[in-house]
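Peer 1: Just one file: work-v2.pdb, with PDB, C-alpha atoms.
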ATOM      1  CA  MET O   1     -43.797-126.298-131.504  1.00  0.00           C
ATOM      2  CA  ASP O   2     -45.509-124.671-134.517  1.00  0.00           C
ATOM      3  CA  ILE O   3     -44.470-121.484-136.335  1.00  0.00           C
ATOM      4  CA  ASN O   4     -46.494-119.834-139.093  1.00  0.00           C
ATOM      5  CA  VAL O   5     -44.939-119.669-142.554  1.00  0.00           C
ATOM      6  CA  ILE O   6     -45.582-116.385-144.391  1.00  0.00           C
ATOM      7  CA  ASN O   7     -45.308-115.769-148.117  1.00  0.00           C
ATOM      8  CA  ASN O   8     -43.743-112.842-149.989  1.00  0.00           C
ATOM      9  CA  LYS O   9     -46.934-110.837-149.417  1.00  0.00           C
ATOM     10  CA  GLY O  10     -46.706-111.162-145.621  1.00  0.00           C
ATOM     11  CA  LYS O  11     -49.654-113.559-145.314  1.00  0.00           C
ATOM     12  CA  SER O  12     -49.586-116.844-143.403  1.00  0.00           C
ATOM     13  CA  THR O  13     -49.802-119.812-145.778  1.00  0.00           C
ATOM     14  CA  SER O  14     -48.950-122.837-143.639  1.00  0.00           C
ATOM     15  CA  VAL O  15     -47.547-124.022-140.314  1.00  0.00           C
ATOM     16  CA  LYS O  16     -44.045-125.370-139.755  1.00  0.00           C
ATOM     17  CA  THR O  17     -43.325-127.686-136.828  1.00  0.00           C
ATOM     18  CA  VAL O  18     -39.954-126.944-135.238  1.00  0.00           C
ATOM     19  CA  SER O  19     -37.924-128.663-132.567  1.00  0.00           C
ATOM     20  CA  ASP O  20     -38.675-127.712-128.961  1.00  0.00           C
ATOM     21  CA  ASP O  21     -35.032-128.426-128.115  1.00  0.00           C
ATOM     22  CA  VAL O  22     -33.985-125.468-130.283  1.00  0.00           C
ATOM     23  CA  PHE O  23     -36.892-123.021-130.189  1.00  0.00           C
ATOM     24  CA  ASN O  24     -38.488-123.605-126.805  1.00  0.00           C
ATOM     25  CA  LYS O  25     -35.689-123.167-124.263  1.00  0.00           C
ATOM     26  CA  ASP O  26     -35.855-121.107-121.076  1.00  0.00           C
ATOM     27  CA  TYR O  27     -34.435-117.593-121.165  1.00  0.00           C
ATOM     28  CA  SER O  28     -31.039-117.215-119.478  1.00  0.00           C
ATOM     29  CA  GLU O  29     -29.860-113.614-119.359  1.00  0.00           C
ATOM     30  CA  ALA O  30     -26.480-114.523-117.850  1.00  0.00           C
ATOM     31  CA  LEU O  31     -25.714-117.068-120.584  1.00  0.00           C
ATOM     32  CA  ILE O  32     -26.771-114.756-123.406  1.00  0.00           C
ATOM     33  CA  HIS O  33     -24.744-111.900-121.924  1.00  0.00           C
ATOM     34  CA  GLN O  34     -21.681-114.125-121.735  1.00  0.00           C
ATOM     35  CA  ILE O  35     -21.770-115.346-125.348  1.00  0.00           C
ATOM     36  CA  VAL O  36     -22.592-111.868-126.710  1.00  0.00           C
ATOM     37  CA  THR O  37     -19.714-110.318-124.748  1.00  0.00           C
ATOM     38  CA  ALA O  38     -17.321-113.057-125.841  1.00  0.00           C
ATOM     39  CA  PHE O  39     -18.402-112.792-129.483  1.00  0.00           C
ATOM     40  CA  ARG O  40     -17.760-109.036-129.503  1.00  0.00           C
ATOM     41  CA  ALA O  41     -14.421-109.454-127.730  1.00  0.00           C
ATOM     42  CA  ASN O  42     -13.266-112.154-130.156  1.00  0.00           C
ATOM     43  CA  GLY O  43     -14.018-109.869-133.089  1.00  0.00           C
ATOM     44  CA  ARG O  44     -11.991-107.040-131.638  1.00  0.00           C
ATOM     45  CA  GLY O  45      -8.712-106.134-133.273  1.00  0.00           C
ATOM     46  CA  GLY O  46      -5.564-104.719-131.727  1.00  0.00           C
ATOM     47  CA  ASN O  47      -6.092-101.211-133.022  1.00  0.00           C
ATOM     48  CA  ARG O  48      -4.918 -99.128-130.074  1.00  0.00           C
ATOM     49  CA  ALA O  49      -1.399 -98.279-128.947  1.00  0.00           C
ATOM     50  CA  GLN O  50       0.235 -96.019-126.387  1.00  0.00           C
ATOM     51  CA  LYS O  51       3.858 -94.938-126.010  1.00  0.00           C
ATOM     52  CA  ASN O  52       6.162 -96.090-123.268  1.00  0.00           C
ATOM     53  CA  ARG O  53       8.973 -93.915-121.998  1.00  0.00           C
ATOM     54  CA  ALA O  54      11.332 -95.238-124.681  1.00  0.00           C
ATOM     55  CA  SER O  55       8.928 -94.205-127.470  1.00  0.00           C
ATOM     56  CA  VAL O  56       8.220 -90.665-126.245  1.00  0.00           C
ATOM     57  CA  LYS O  57      10.321 -88.063-128.064  1.00  0.00           C
ATOM     58  CA  PHE O  58      12.087 -86.140-125.332  1.00  0.00           C
ATOM     59  CA  SER O  59      15.699 -85.239-124.820  1.00  0.00           C
ATOM     60  CA  THR O  60      17.650 -87.770-122.798  1.00  0.00           C
ATOM     61  CA  ARG O  61      19.416 -84.901-121.066  1.00  0.00           C
ATOM     62  CA  LYS O  62      18.960 -84.636-117.315  1.00  0.00           C
ATOM     63  CA  PRO O  63      16.461 -81.745-116.675  1.00  0.00           C
ATOM     64  CA  TRP O  64      18.557 -80.313-113.828  1.00  0.00           C
ATOM     65  CA  LYS O  65      21.501 -81.366-111.734  1.00  0.00           C
ATOM     66  CA  GLN O  66      21.046 -84.051-109.114  1.00  0.00           C
ATOM     67  CA  LYS O  67      21.752 -81.929-106.042  1.00  0.00           C
ATOM     68  CA  GLY O  68      21.594 -78.354-104.878  1.00  0.00           C
ATOM     69  CA  THR O  69      18.365 -77.158-106.547  1.00  0.00           C
ATOM     70  CA  GLY O  70      15.968 -78.064-103.734  1.00  0.00           C
ATOM     71  CA  ARG O  71      13.789 -79.980-106.159  1.00  0.00           C
ATOM     72  CA  ALA O  72      13.196 -83.718-106.405  1.00  0.00           C
ATOM     73  CA  ARG O  73      15.644 -85.795-108.390  1.00  0.00           C
ATOM     74  CA  ALA O  74      14.766 -86.136-112.094  1.00  0.00           C
ATOM     75  CA  GLY O  75      16.436 -88.372-114.631  1.00  0.00           C
ATOM     76  CA  ARG O  76      14.729 -87.426-117.880  1.00  0.00           C
ATOM     77  CA  ALA O  77      11.526 -85.702-119.079  1.00  0.00           C
ATOM     78  CA  SER O  78      10.048 -88.929-120.497  1.00  0.00           C
ATOM     79  CA  SER O  79       9.337 -90.213-116.991  1.00  0.00           C
ATOM     80  CA  PRO O  80       5.769 -91.555-116.551  1.00  0.00           C
ATOM     81  CA  LEU O  81       5.445 -89.222-113.556  1.00  0.00           C
ATOM     82  CA  TRP O  82       5.731 -86.179-115.802  1.00  0.00           C
ATOM     83  CA  ARG O  83       3.095 -84.632-118.018  1.00  0.00           C
ATOM     84  CA  SER O  84       3.335 -86.007-121.609  1.00  0.00           C
ATOM     85  CA  GLY O  85       5.683 -88.689-120.360  1.00  0.00           C
ATOM     86  CA  GLY O  86       5.497 -92.322-121.374  1.00  0.00           C
ATOM     87  CA  ASN O  87       2.950 -94.777-119.979  1.00  0.00           C
ATOM     88  CA  ILE O  88       4.076 -97.357-117.447  1.00  0.00           C
ATOM     89  CA  PHE O  89       1.962-100.197-118.903  1.00  0.00           C
ATOM     90  CA  PRO O  90       0.985 -98.976-122.398  1.00  0.00           C
ATOM     91  CA  SER O  91      -1.676-100.566-124.587  1.00  0.00           C
ATOM     92  CA  SER O  92      -0.235-102.567-127.453  1.00  0.00           C
ATOM     93  CA  PRO O  93      -1.575-103.671-130.866  1.00  0.00           C
ATOM     94  CA  LEU O  94      -0.516-107.181-129.874  1.00  0.00           C
ATOM     95  CA  GLU O  95      -2.945-107.179-126.937  1.00  0.00           C
ATOM     96  CA  ASN O  96      -5.215-110.238-126.959  1.00  0.00           C
ATOM     97  CA  PHE O  97      -8.904-109.684-126.158  1.00  0.00           C
ATOM     98  CA  THR O  98     -10.235-113.161-126.962  1.00  0.00           C
ATOM     99  CA  GLN O  99     -12.495-115.002-124.555  1.00  0.00           C
ATOM    100  CA  LYS O 100     -12.948-118.754-124.617  1.00  0.00           C
ATOM    101  CA  VAL O 101     -16.504-120.063-125.003  1.00  0.00           C
ATOM    102  CA  ASN O 102     -17.197-123.784-125.098  1.00  0.00           C
ATOM    103  CA  LYS O 103     -19.172-125.143-128.070  1.00  0.00           C
ATOM    104  CA  LYS O 104     -21.914-126.489-125.813  1.00  0.00           C
ATOM    105  CA  MET O 105     -22.239-123.114-124.092  1.00  0.00           C
ATOM    106  CA  PHE O 106     -22.388-121.237-127.405  1.00  0.00           C
ATOM    107  CA  LYS O 107     -25.066-123.567-128.788  1.00  0.00           C
ATOM    108  CA  ALA O 108     -27.095-123.309-125.581  1.00  0.00           C
ATOM    109  CA  GLY O 109     -26.906-119.517-125.746  1.00  0.00           C
ATOM    110  CA  MET O 110     -28.003-119.450-129.385  1.00  0.00           C
ATOM    111  CA  ARG O 111     -30.952-121.700-128.538  1.00  0.00           C
ATOM    112  CA  CYS O 112     -31.934-119.301-125.730  1.00  0.00           C
ATOM    113  CA  ILE O 113     -31.800-116.319-128.087  1.00  0.00           C
ATOM    114  CA  MET O 114     -33.838-117.980-130.833  1.00  0.00           C
ATOM    115  CA  SER O 115     -36.418-119.256-128.340  1.00  0.00           C
ATOM    116  CA  GLN O 116     -36.885-115.775-126.932  1.00  0.00           C
ATOM    117  CA  LEU O 117     -37.202-114.318-130.432  1.00  0.00           C
ATOM    118  CA  VAL O 118     -40.024-116.774-131.151  1.00  0.00           C
ATOM    119  CA  ARG O 119     -41.785-115.827-127.900  1.00  0.00           C
ATOM    120  CA  ASP O 120     -41.411-112.122-128.704  1.00  0.00           C
ATOM    121  CA  LYS O 121     -42.725-112.703-132.256  1.00  0.00           C
ATOM    122  CA  ARG O 122     -39.452-111.470-133.723  1.00  0.00           C
ATOM    123  CA  PHE O 123     -38.716-114.739-135.559  1.00  0.00           C
ATOM    124  CA  SER O 124     -40.658-115.643-138.716  1.00  0.00           C
ATOM    125  CA  VAL O 125     -40.442-118.397-141.331  1.00  0.00           C
ATOM    126  CA  ILE O 126     -40.799-117.273-144.951  1.00  0.00           C
ATOM    127  CA  ASP O 127     -40.886-118.810-148.394  1.00  0.00           C
ATOM    128  CA  ASP O 128     -37.651-118.927-150.330  1.00  0.00           C
ATOM    129  CA  ILE O 129     -36.597-115.572-151.822  1.00  0.00           C
ATOM    130  CA  LYS O 130     -35.967-115.871-155.556  1.00  0.00           C
ATOM    131  CA  LEU O 131     -34.985-112.828-157.599  1.00  0.00           C
ATOM    132  CA  LYS O 132     -35.088-112.805-161.384  1.00  0.00           C
ATOM    133  CA  THR O 133     -32.678-109.882-161.629  1.00  0.00           C
ATOM    134  CA  PRO O 134     -30.112-108.346-159.244  1.00  0.00           C
ATOM    135  CA  LYS O 135     -32.318-105.287-158.731  1.00  0.00           C
ATOM    136  CA  THR O 136     -32.669-103.597-155.356  1.00  0.00           C
ATOM    137  CA  LYS O 137     -36.158-102.426-156.328  1.00  0.00           C
ATOM    138  CA  GLU O 138     -37.346-106.021-156.756  1.00  0.00           C
ATOM    139  CA  LEU O 139     -36.065-107.032-153.331  1.00  0.00           C
ATOM    140  CA  VAL O 140     -37.500-103.923-151.655  1.00  0.00           C
ATOM    141  CA  ALA O 141     -40.925-104.816-153.053  1.00  0.00           C
ATOM    142  CA  ILE O 142     -40.714-108.235-151.403  1.00  0.00           C
ATOM    143  CA  LEU O 143     -39.405-106.910-148.091  1.00  0.00           C
ATOM    144  CA  SER O 144     -42.058-104.183-147.887  1.00  0.00           C
ATOM    145  CA  SER O 145     -44.591-106.795-146.777  1.00  0.00           C
ATOM    146  CA  TYR O 146     -42.388-107.753-143.801  1.00  0.00           C
ATOM    147  CA  ASP O 147     -43.225-105.311-141.039  1.00  0.00           C
ATOM    148  CA  ALA O 148     -39.891-104.402-139.430  1.00  0.00           C
ATOM    149  CA  LYS O 149     -37.503-101.452-139.421  1.00  0.00           C
ATOM    150  CA  SER O 150     -34.424-103.700-139.432  1.00  0.00           C
ATOM    151  CA  LYS O 151     -34.404-107.177-140.929  1.00  0.00           C
ATOM    152  CA  LEU O 152     -32.105-110.179-140.699  1.00  0.00           C
ATOM    153  CA  ILE O 153     -32.673-112.637-143.542  1.00  0.00           C
ATOM    154  CA  ILE O 154     -31.329-116.188-143.208  1.00  0.00           C
ATOM    155  CA  VAL O 155     -31.339-118.256-146.399  1.00  0.00           C
ATOM    156  CA  SER O 156     -29.851-121.639-147.226  1.00  0.00           C
ATOM    157  CA  ASN O 157     -27.787-120.173-150.049  1.00  0.00           C
ATOM    158  CA  VAL O 158     -27.082-116.522-150.882  1.00  0.00           C
ATOM    159  CA  GLU O 159     -27.512-116.389-154.638  1.00  0.00           C
ATOM    160  CA  ASN O 160     -25.718-113.755-156.679  1.00  0.00           C
ATOM    161  CA  ASN O 161     -28.901-111.792-157.471  1.00  0.00           C
ATOM    162  CA  LEU O 162     -29.887-111.656-153.804  1.00  0.00           C
ATOM    163  CA  ASP O 163     -26.380-110.679-152.739  1.00  0.00           C
ATOM    164  CA  LEU O 164     -26.180-107.793-155.215  1.00  0.00           C
ATOM    165  CA  ALA O 165     -29.733-106.571-154.567  1.00  0.00           C
ATOM    166  CA  SER O 166     -29.336-106.505-150.784  1.00  0.00           C
ATOM    167  CA  ARG O 167     -26.086-104.524-150.619  1.00  0.00           C
ATOM    168  CA  ASN O 168     -27.665-101.105-150.956  1.00  0.00           C
ATOM    169  CA  ILE O 169     -30.582-101.589-148.548  1.00  0.00           C
ATOM    170  CA  PRO O 170     -30.049-100.065-145.080  1.00  0.00           C
ATOM    171  CA  ASN O 171     -30.837-102.050-141.924  1.00  0.00           C
ATOM    172  CA  LEU O 172     -30.762-105.346-143.812  1.00  0.00           C
ATOM    173  CA  LYS O 173     -28.403-108.286-143.488  1.00  0.00           C
ATOM    174  CA  VAL O 174     -28.473-111.563-145.418  1.00  0.00           C
ATOM    175  CA  LEU O 175     -26.755-114.625-143.968  1.00  0.00           C
ATOM    176  CA  VAL O 176     -26.616-118.407-144.267  1.00  0.00           C
ATOM    177  CA  PRO O 177     -27.335-120.558-141.159  1.00  0.00           C
ATOM    178  CA  THR O 178     -23.656-121.147-140.382  1.00  0.00           C
ATOM    179  CA  GLN O 179     -23.062-117.365-140.301  1.00  0.00           C
ATOM    180  CA  ALA O 180     -25.861-116.614-137.834  1.00  0.00           C
ATOM    181  CA  ASP O 181     -24.345-114.936-134.785  1.00  0.00           C
ATOM    182  CA  PRO O 182     -25.734-113.735-131.429  1.00  0.00           C
ATOM    183  CA  ILE O 183     -25.052-110.050-132.163  1.00  0.00           C
ATOM    184  CA  SER O 184     -27.153-110.029-135.343  1.00  0.00           C
ATOM    185  CA  LEU O 185     -29.982-112.016-133.766  1.00  0.00           C
ATOM    186  CA  VAL O 186     -30.180-109.625-130.825  1.00  0.00           C
ATOM    187  CA  ASN O 187     -29.690-106.335-132.680  1.00  0.00           C
ATOM    188  CA  PHE O 188     -32.088-106.730-135.608  1.00  0.00           C
ATOM    189  CA  GLU O 189     -35.750-106.057-134.914  1.00  0.00           C
ATOM    190  CA  LYS O 190     -36.958-109.193-136.709  1.00  0.00           C
ATOM    191  CA  THR O 191     -35.354-112.309-138.136  1.00  0.00           C
ATOM    192  CA  PHE O 192     -36.789-113.977-141.235  1.00  0.00           C
ATOM    193  CA  ILE O 193     -35.622-117.452-142.207  1.00  0.00           C
ATOM    194  CA  THR O 194     -36.539-119.580-145.198  1.00  0.00           C
ATOM    195  CA  VAL O 195     -37.959-123.083-144.757  1.00  0.00           C
ATOM    196  CA  SER O 196     -34.844-124.779-146.142  1.00  0.00           C
ATOM    197  CA  ALA O 197     -32.537-122.659-143.970  1.00  0.00           C
ATOM    198  CA  LEU O 198     -34.666-123.456-140.900  1.00  0.00           C
ATOM    199  CA  THR O 199     -33.957-127.170-141.367  1.00  0.00           C
ATOM    200  CA  SER O 200     -30.214-126.470-141.552  1.00  0.00           C
ATOM    201  CA  LEU O 201     -30.383-124.230-138.472  1.00  0.00           C
ATOM    202  CA  GLU O 202     -32.186-126.935-136.484  1.00  0.00           C
ATOM    203  CA  GLU O 203     -29.544-129.503-137.423  1.00  0.00           C
ATOM    204  CA  LEU O 204     -26.802-127.054-136.500  1.00  0.00           C
ATOM    205  CA  TYR O 205     -28.084-126.341-132.967  1.00  0.00           C
ATOM    206  CA  ALA O 206     -29.941-129.570-132.150  1.00  0.00           C
TER     207      ALA O 206
END
Would you write the structure of this file as structure tokens?

Peer 2:
Amino acid sequence: MDINVINNKGKSTSVKTVSDDVFNKDYSEALIHQIVTAFRANGRGGNRAQKNRASVKFSTRKPWKQKGTGRARAGRASSPLWRSGGNIFPSSPLENFTQKVNKKMFKAGMRCIMSQLVRDKRFSVIDDIKLKTPKTKELVAILSSYDAKSKLIIVSNVENNLDLASRNIPNLKVLVPTQADPISLVNFEKTFITVSALTSLEELYA
């Protein structure tokens, strides 16, 4: 399978032959949904908590006597049956949201995503990005030729100048091949990868 290589001016300069095993796989919505859901769940932290009846600040005094009032028996106001009472099964910061995904399944899902990006013309190969200075203006001038509102750039090595220049640009993310994840590939409008990083990505998911 051939993919056009574009230069820093957005013009096609050559053709790169890529592996069909990585970039020409059938689309599987169920598989992609599973790895995207698992990836988001595994990145989730235990940042929610609710109070049980022991944690709710209420008096431990019995609201009214056991008999003779005509009302139902009540032990204390922190009962889960009462308004503002404790929860029966409260959420805890220690709650585990992780989902297990096999390596073969994850690689197959990534191949499906990248193949679909190529078919949708959302995946492009570019020349290596070299910046003389860590200036955002210099990087913006290069990226202006890449027609996309949001861009994912995959390079073989994130140099210091590129890292500093890309921090202040909205809707831009710079990664190395080992950091490529299904969420970024799906969310960004277009993915641009350098020739050297493409070789590493093929070896990673072959």

Peer 1: I'd like the residues picked by the PyMOL selection byres ((chain O and resi 135) around 12) written out as a list of chain:residue names, using the chain letters and numbers from the file.

Peer 2: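 Evaluating the PyMOL selection byres ((chain O and resi 135) around 12) on this file yields O:Lys130, O:Leu131, O:Lys132, O:Thr133, O:Pro134, O:Thr136, O:Lys137, O:Glu138, O:Leu139, O:Val140, O:Ala141, O:Ile142, O:Asn160, O:Asn161, O:Leu162, O:Asp163, O:Leu164, O:Ala165, O:Ser166, O:Arg167, O:Asn168, O:Ile169.
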
Peer 1: Which residues are near Val125 of chain O? Cut-off 9 Å, only C-alpha atoms, ignore same chain within fewer than 2 positions. Put them as a PDB file with C-alpha atoms, in the frame of the given file.

Peer 2:
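Written output follows (out.pdb):
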ATOM      1  CA  ILE O   3     -44.470-121.484-136.335  1.00  0.00           C
ATOM      2  CA  ASN O   4     -46.494-119.834-139.093  1.00  0.00           C
ATOM      3  CA  VAL O   5     -44.939-119.669-142.554  1.00  0.00           C
ATOM      4  CA  ILE O   6     -45.582-116.385-144.391  1.00  0.00           C
ATOM      5  CA  ASN O   7     -45.308-115.769-148.117  1.00  0.00           C
ATOM      6  CA  LYS O  16     -44.045-125.370-139.755  1.00  0.00           C
ATOM      7  CA  PHE O 123     -38.716-114.739-135.559  1.00  0.00           C
ATOM      8  CA  ASP O 127     -40.886-118.810-148.394  1.00  0.00           C
ATOM      9  CA  THR O 191     -35.354-112.309-138.136  1.00  0.00           C
ATOM     10  CA  PHE O 192     -36.789-113.977-141.235  1.00  0.00           C
ATOM     11  CA  ILE O 193     -35.622-117.452-142.207  1.00  0.00           C
ATOM     12  CA  THR O 194     -36.539-119.580-145.198  1.00  0.00           C
ATOM     13  CA  VAL O 195     -37.959-123.083-144.757  1.00  0.00           C
ATOM     14  CA  LEU O 198     -34.666-123.456-140.900  1.00  0.00           C
TER      15      LEU O 198
END

Peer 1: Looking at all atoms listed in the file, which of O:Phe89, O:Phe39, O:Phe23, O:Phe97 is the one that sits closest to Met1 of chain O?

Peer 2: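 Checking each of O:Phe89, O:Phe39, O:Phe23, O:Phe97 against Met1 of chain O, counting all atoms listed in the file, the winner is O:Phe23.
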
Peer 1: May I ask for the distance between atom CA of Ser184 of chain O and atom CA of Asp147 of chain O, given in Å to one decimal place?

Peer 2: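 Going from atom CA of Ser184 of chain O over to atom CA of Asp147 of chain O covers 17.7 Å.
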
Peer 1: To test your reading of the syntax: which residues would the PyMOL selection byres ((chain O and resi 36) around 12) return for the file shown? Reply as a PyMOL selection string.

Peer 2: chain O and resi 29-35+37-43+99+101+105-106+109-110+112-113+181-187

Peer 1: Using all atoms listed in the file, determine which residues lie at most 12 Å from Gln50 of chain O, disregarding the query and same-chain residues fewer than 4 positions distant; provide the list as number ranges by chain.

Peer 2: O: 46, 54-56, 84-95

Peer 1: Can you work out which one of O:Ala108, O:Ala148, O:Ala77, O:Val174 has the shortest atom-to-atom distance to Lys121 of chain O, counting only C-alpha atoms?

Peer 2: O:Ala148

Peer 1: Between atom CA of Ser196 of chain O and atom CA of Thr13 of chain O, what is the spacing in Å?

Peer 2: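 Distance reported for this atom pair: 15.8 Å.
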
Peer 1: Would you mind telling me which residue in O:Leu175, O:Ser156, O:Ala180, O:Ser145 lies nearest to Lys9 of chain O when using all atoms listed in the file?

Peer 2: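 So, comparing all the options, the nearest one is O:Ser145.
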
Peer 1: From the set O:Val155, O:Leu143, O:Asn96, O:Ser150, which residue has the shortest atom-to-atom contact distance to Asn47 of chain O, counting only C-alpha atoms?

Peer 2: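 Distance minimum relative to Asn47 of chain O lands on O:Asn96.
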
Peer 1: Atom CA of Tyr27 of chain O and atom CA of Gln116 of chain O, how far apart in Å?

Peer 2: 6.5 Å

Peer 1: Mind working out the centre and edge lengths of an axis-aligned box for segment 69-77 of chain O, all listed atoms inside, 5 Å added to each side, rounded to one decimal in Å and written as lines of an AutoDock Vina configuration file?

Peer 2:
center_x = 14.9
center_y = -82.8
center_z = -111.4
size_x = 16.8
size_y = 21.2
size_z = 25.3

Peer 1: When you count only C-alpha atoms, which of these residues is closest to Val22 of chain O: O:Ser78, O:Ser200, O:Asn8, O:Thr98?

Peer 2: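 So, comparing all the options, the nearest one is O:Ser200.
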
Peer 1: Quick one: everything within 9 Å of Leu204 of chain O, counting only C-alpha atoms, minus sequence neighbours fewer than 6 positions away in the same chain. Send it as a list of chain:residue names.

Peer 2: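 Here the qualifying residues turn out to be O:Lys107, O:Pro177, O:Thr178.
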